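A.B. asks: Structure provided below as structure tokens; questions to follow.
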Amino acid sequence: MLEVITSIFGLIQSILIMFNKKENWIFYILNIATLTIFSFTAKLYGDVLENIIYLIIGFFGLFTWYSKNISNKIFKSNKIQWMNNKERIIFFIIFILITGIIYLWLIHTDDPLALLDAVTTGLSFVATLTMAMKKVDSWIYWLIDDILMAITYFSLPDKALYLMSLNIIWIFLAIGTIYTWNKQAKKEEKKYDN
């Protein structure tokens with residue numbers, strides 16, 4: 001039942017974010033809260049740790065998307081845009097560091113998929129943070145993460161088929177969001193160039 005509720009919250013959130021709706025963060029927080037409980041029962045401890053962090057980032061996203069003042073103070077911008085090369089390098093290094101640290105921890109637990117769990121933890125951390133920053137690149141991270149999470153949920157001893165199905169849907173929504181956010185980024189760029 002928890003898997004179904006988590007899937008519903010996640011689907012609503014992903015549709016709202018595709019259309020750049022700030023309400024997505026409410027469903028994001030609900031999705032992450034229920035997913036944390038599910039991950040704990042499935043012994044995906046990397047996901048549990050990551051989801052606790054995501055709850056914090058979810059509130060951060062909620063505040064930055066609902067308040068242009070907060071967003072402008074933190075990011076110097078409140079528009080959807082692509083990362084510059086420096087940001088790409090920084091976030092790739094963050095991904096590698098998080099993945100490595102989480103993997104070194106998970107190999108000492110009973111996590112059934114330690115490497116995959118560590119990689120998806122690193123990917124989704126960077127994706128969530130850059131999504132809060134309104135970076136189009138976040139959806140490339142999400143696309144890769146969704147593919148790997150579908151594999152993770154299918155590979156569990158007790159297959160989490162609803163969550164696997166949700167991640168398959170998210171693959172297509174990530175592709176759609178790359179398209180819609182890229183279109184918005186180009187529109188924003190033209191507006192600020194004029």
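Just so we're on the same page: first chain in the structure tokens is A, next is B, and so on; residues restart at 1 for each chain, and ligands are numbered from 1 in the order they show up.
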Give me the residues within 9 Å of A:Leu104 as a PyMOL selection string, counting only C-alpha atoms and dropping any in the same chain fewer than 5 places off.
C.D. replies: chain A and resi 99+114+118
A.B. asks: Could those selected residues go to a file with N, CA and C atoms, as a short mmCIF file (atom, residue, chain, number, x, y, z; two decimals), in the first residue's frame?
C.D. replies:
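Printed below is again-v1.cif as written:
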```
data_model
loop_
_atom_site.label_atom_id
_atom_site.label_comp_id
_atom_site.auth_asym_id
_atom_site.auth_seq_id
_atom_site.Cartn_x
_atom_site.Cartn_y
_atom_site.Cartn_z
N THR A 99 28.67 9.38 -4.25
CA THR A 99 28.58 7.97 -4.64
C THR A 99 29.65 7.15 -3.92
N ALA A 114 24.36 -2.55 -3.16
CA ALA A 114 25.15 -1.44 -2.63
C ALA A 114 25.65 -0.47 -3.70
N ALA A 118 24.28 3.28 -4.23
CA ALA A 118 25.19 4.42 -4.07
C ALA A 118 25.14 5.34 -5.29
#
```
A.B. asks: Quick one: DSSP alpha helix (DSSP H) residues in chain A, as a PyMOL selection string?
C.D. replies: chain A and resi 2-18+24-41+45-66+68-75+85-106+114-132+138-155+161-193
A.B. asks: With only C-alpha atoms as the counted atoms, please give the residues lying no more than 12 Å from A:His108, apart from itself and same-chain residues fewer than 6 positions off, as a list of chain:residue names.
C.D. replies: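 Contacts, with the query itself left out: A:Tyr45, A:Gly46, A:Ile101, A:Ile102, A:Ala114, A:Leu115.
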A.B. asks: Pick out the residues sitting within 12 Å of stretch 160-171 of chain A, and hand them over as a ChimeraX atom specification; count only C-alpha atoms, and ignore anything fewer than 6 positions along from it in its own chain.
C.D. replies: /A:1-15,17-18,31,34-35,38-39,41-42,139-154,177-178
A.B. asks: Could you write out the selected residues, including N, CA and C atoms, as a short mmCIF file (atom, residue, chain, number, x, y, z; two decimals), in the first residue's frame?
C.D. replies:
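Result file follows (result.cif):
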```cif
data_model
loop_
_atom_site.label_atom_id
_atom_site.label_comp_id
_atom_site.auth_asym_id
_atom_site.auth_seq_id
_atom_site.Cartn_x
_atom_site.Cartn_y
_atom_site.Cartn_z
N MET A 1 0.82 -1.20 0.00
CA MET A 1 0.00 0.00 0.00
C MET A 1 0.86 1.27 0.00
N LEU A 2 1.92 1.26 0.83
CA LEU A 2 2.82 2.41 0.91
C LEU A 2 3.48 2.67 -0.45
N GLU A 3 3.81 1.58 -1.14
CA GLU A 3 4.41 1.71 -2.47
C GLU A 3 3.46 2.42 -3.44
N VAL A 4 2.17 2.12 -3.36
CA VAL A 4 1.17 2.74 -4.24
C VAL A 4 1.02 4.22 -3.91
N ILE A 5 0.93 4.55 -2.63
CA ILE A 5 0.79 5.95 -2.21
C ILE A 5 2.00 6.77 -2.65
N THR A 6 3.20 6.22 -2.43
CA THR A 6 4.43 6.87 -2.85
C THR A 6 4.42 7.12 -4.35
N SER A 7 3.99 6.12 -5.11
CA SER A 7 3.94 6.23 -6.57
C SER A 7 2.97 7.33 -7.02
N ILE A 8 1.83 7.43 -6.37
CA ILE A 8 0.84 8.45 -6.73
C ILE A 8 1.39 9.85 -6.45
N PHE A 9 1.97 10.05 -5.26
CA PHE A 9 2.57 11.36 -4.94
C PHE A 9 3.67 11.71 -5.95
N GLY A 10 4.50 10.73 -6.28
CA GLY A 10 5.60 10.96 -7.21
C GLY A 10 5.12 11.30 -8.60
N LEU A 11 4.06 10.65 -9.05
CA LEU A 11 3.51 10.93 -10.37
C LEU A 11 2.92 12.33 -10.43
N ILE A 12 2.18 12.71 -9.42
CA ILE A 12 1.60 14.07 -9.38
C ILE A 12 2.72 15.11 -9.39
N GLN A 13 3.75 14.89 -8.57
CA GLN A 13 4.86 15.83 -8.50
C GLN A 13 5.56 15.98 -9.84
N SER A 14 5.80 14.87 -10.50
CA SER A 14 6.55 14.93 -11.76
C SER A 14 5.77 15.62 -12.87
N ILE A 15 4.47 15.48 -12.86
CA ILE A 15 3.65 16.18 -13.86
C ILE A 15 3.65 17.68 -13.57
N ILE A 17 5.97 19.44 -12.00
CA ILE A 17 7.29 20.06 -12.25
C ILE A 17 7.55 20.19 -13.74
N MET A 18 7.03 19.28 -14.54
CA MET A 18 7.23 19.36 -15.98
C MET A 18 6.69 20.69 -16.51
N ASN A 31 5.95 12.61 -1.34
CA ASN A 31 6.55 11.46 -2.00
C ASN A 31 7.79 10.99 -1.25
N THR A 34 7.02 9.30 2.26
CA THR A 34 6.53 7.92 2.16
C THR A 34 7.59 6.99 1.57
N LEU A 35 8.40 7.50 0.65
CA LEU A 35 9.46 6.69 0.06
C LEU A 35 10.54 6.35 1.10
N PHE A 38 9.27 3.38 2.96
CA PHE A 38 9.36 2.20 2.10
C PHE A 38 10.81 1.72 2.00
N SER A 39 11.74 2.64 1.75
CA SER A 39 13.16 2.28 1.57
C SER A 39 13.72 1.61 2.82
N THR A 41 12.03 -0.21 4.98
CA THR A 41 11.51 -1.57 5.06
C THR A 41 12.15 -2.48 4.02
N ALA A 42 12.64 -1.91 2.88
CA ALA A 42 13.31 -2.69 1.84
C ALA A 42 14.81 -2.80 2.07
N TRP A 139 17.49 17.45 -15.21
CA TRP A 139 16.65 16.42 -15.82
C TRP A 139 17.45 15.37 -16.54
N ILE A 140 18.67 15.67 -16.92
CA ILE A 140 19.56 14.64 -17.47
C ILE A 140 19.97 13.70 -16.33
N TYR A 141 20.32 14.29 -15.17
CA TYR A 141 20.61 13.46 -14.00
C TYR A 141 19.40 12.62 -13.62
N TRP A 142 18.20 13.23 -13.64
CA TRP A 142 16.99 12.48 -13.29
C TRP A 142 16.74 11.36 -14.28
N LEU A 143 16.95 11.61 -15.56
CA LEU A 143 16.72 10.58 -16.58
C LEU A 143 17.59 9.35 -16.31
N ILE A 144 18.87 9.56 -16.08
CA ILE A 144 19.77 8.45 -15.78
C ILE A 144 19.36 7.77 -14.47
N ASP A 145 19.03 8.57 -13.46
CA ASP A 145 18.62 8.03 -12.17
C ASP A 145 17.35 7.19 -12.30
N ASP A 146 16.38 7.67 -13.06
CA ASP A 146 15.13 6.93 -13.22
C ASP A 146 15.34 5.58 -13.90
N ILE A 147 16.22 5.54 -14.87
CA ILE A 147 16.54 4.26 -15.54
C ILE A 147 17.15 3.30 -14.52
N LEU A 148 18.14 3.80 -13.76
CA LEU A 148 18.80 2.94 -12.77
C LEU A 148 17.88 2.55 -11.62
N MET A 149 16.98 3.45 -11.21
CA MET A 149 16.04 3.11 -10.13
C MET A 149 15.02 2.06 -10.58
N ALA A 150 14.60 2.11 -11.85
CA ALA A 150 13.70 1.06 -12.36
C ALA A 150 14.40 -0.29 -12.28
N ILE A 151 15.67 -0.31 -12.62
CA ILE A 151 16.46 -1.55 -12.52
C ILE A 151 16.59 -1.97 -11.06
N THR A 152 16.84 -1.01 -10.17
CA THR A 152 16.97 -1.30 -8.73
C THR A 152 15.71 -1.95 -8.19
N TYR A 153 14.56 -1.33 -8.43
CA TYR A 153 13.31 -1.85 -7.88
C TYR A 153 12.96 -3.22 -8.48
N PHE A 154 13.32 -3.46 -9.73
CA PHE A 154 13.09 -4.77 -10.35
C PHE A 154 14.03 -5.81 -9.77
N THR A 177 10.31 16.83 -19.63
CA THR A 177 10.72 18.00 -18.85
C THR A 177 12.00 18.62 -19.41
N ILE A 178 12.90 17.81 -19.91
CA ILE A 178 14.09 18.36 -20.59
C ILE A 178 13.62 19.26 -21.73
#
```
A.B. asks: Could you check how far atom CA of A:Gly122 sits from atom CA of A:Asn20, in Å to one decimal?
C.D. replies: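 We find that atom CA of A:Gly122 and atom CA of A:Asn20 lie 23.8 Å from each other.
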A.B. asks: One decimal, in Å: what's the spacing between atom CA of A:Ala174 and atom CA of A:Trp82?
C.D. replies: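 Atom-to-atom, atom CA of A:Ala174 and atom CA of A:Trp82 are spaced 15.2 Å apart.
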A.B. asks: Could you give me, as a JSON list (two decimals) with C-alpha atoms, in the first residue's frame, the residues within 7 Å of A:Leu123, counting only C-alpha atoms and dropping anything in the same chain fewer than 2 positions from it?
C.D. replies:
```
[["chain", "number", "residue", "atom", "x", "y", "z"],
["A", 95, "PHE", "CA", 28.15, 13.19, -7.62],
["A", 119, "VAL", "CA", 25.12, 5.58, -7.71],
["A", 120, "THR", "CA", 21.41, 6.41, -7.62],
["A", 121, "THR", "CA", 21.92, 8.22, -4.31],
["A", 125, "PHE", "CA", 21.14, 14.18, -4.76],
["A", 126, "VAL", "CA", 22.67, 16.26, -7.56],
["A", 127, "ALA", "CA", 19.41, 16.13, -9.55],
["A", 141, "TYR", "CA", 20.61, 13.46, -14.00],
["A", 145, "ASP", "CA", 18.62, 8.03, -12.17]]
```
A.B. asks: Just how far from atom CA of A:Asp117 is atom CA of A:Tyr103, in Å to one decimal?
C.D. replies: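 Separation of atom CA of A:Tyr103 and atom CA of A:Asp117: 7.8 Å.
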A.B. asks: A:Lys134: which residues within 6 Å, counting only C-alpha atoms, same-chain residues fewer than 2 positions away excluded, as a ChimeraX atom specification?
C.D. replies: /A:80,131-132
A.B. asks: Can you write out the residues you just picked, keeping C-alpha atoms, as an mmCIF file, in the first residue's frame?
C.D. replies:
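Saved file result-v8.cif follows:
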```
data_model
loop_
_atom_site.group_PDB
_atom_site.id
_atom_site.type_symbol
_atom_site.label_atom_id
_atom_site.label_comp_id
_atom_site.auth_asym_id
_atom_site.auth_seq_id
_atom_site.Cartn_x
_atom_site.Cartn_y
_atom_site.Cartn_z
ATOM 1 C CA ILE A 80 15.189 28.221 -15.638
ATOM 2 C CA MET A 131 16.217 21.064 -9.765
ATOM 3 C CA ALA A 132 15.739 23.429 -6.801
#
```
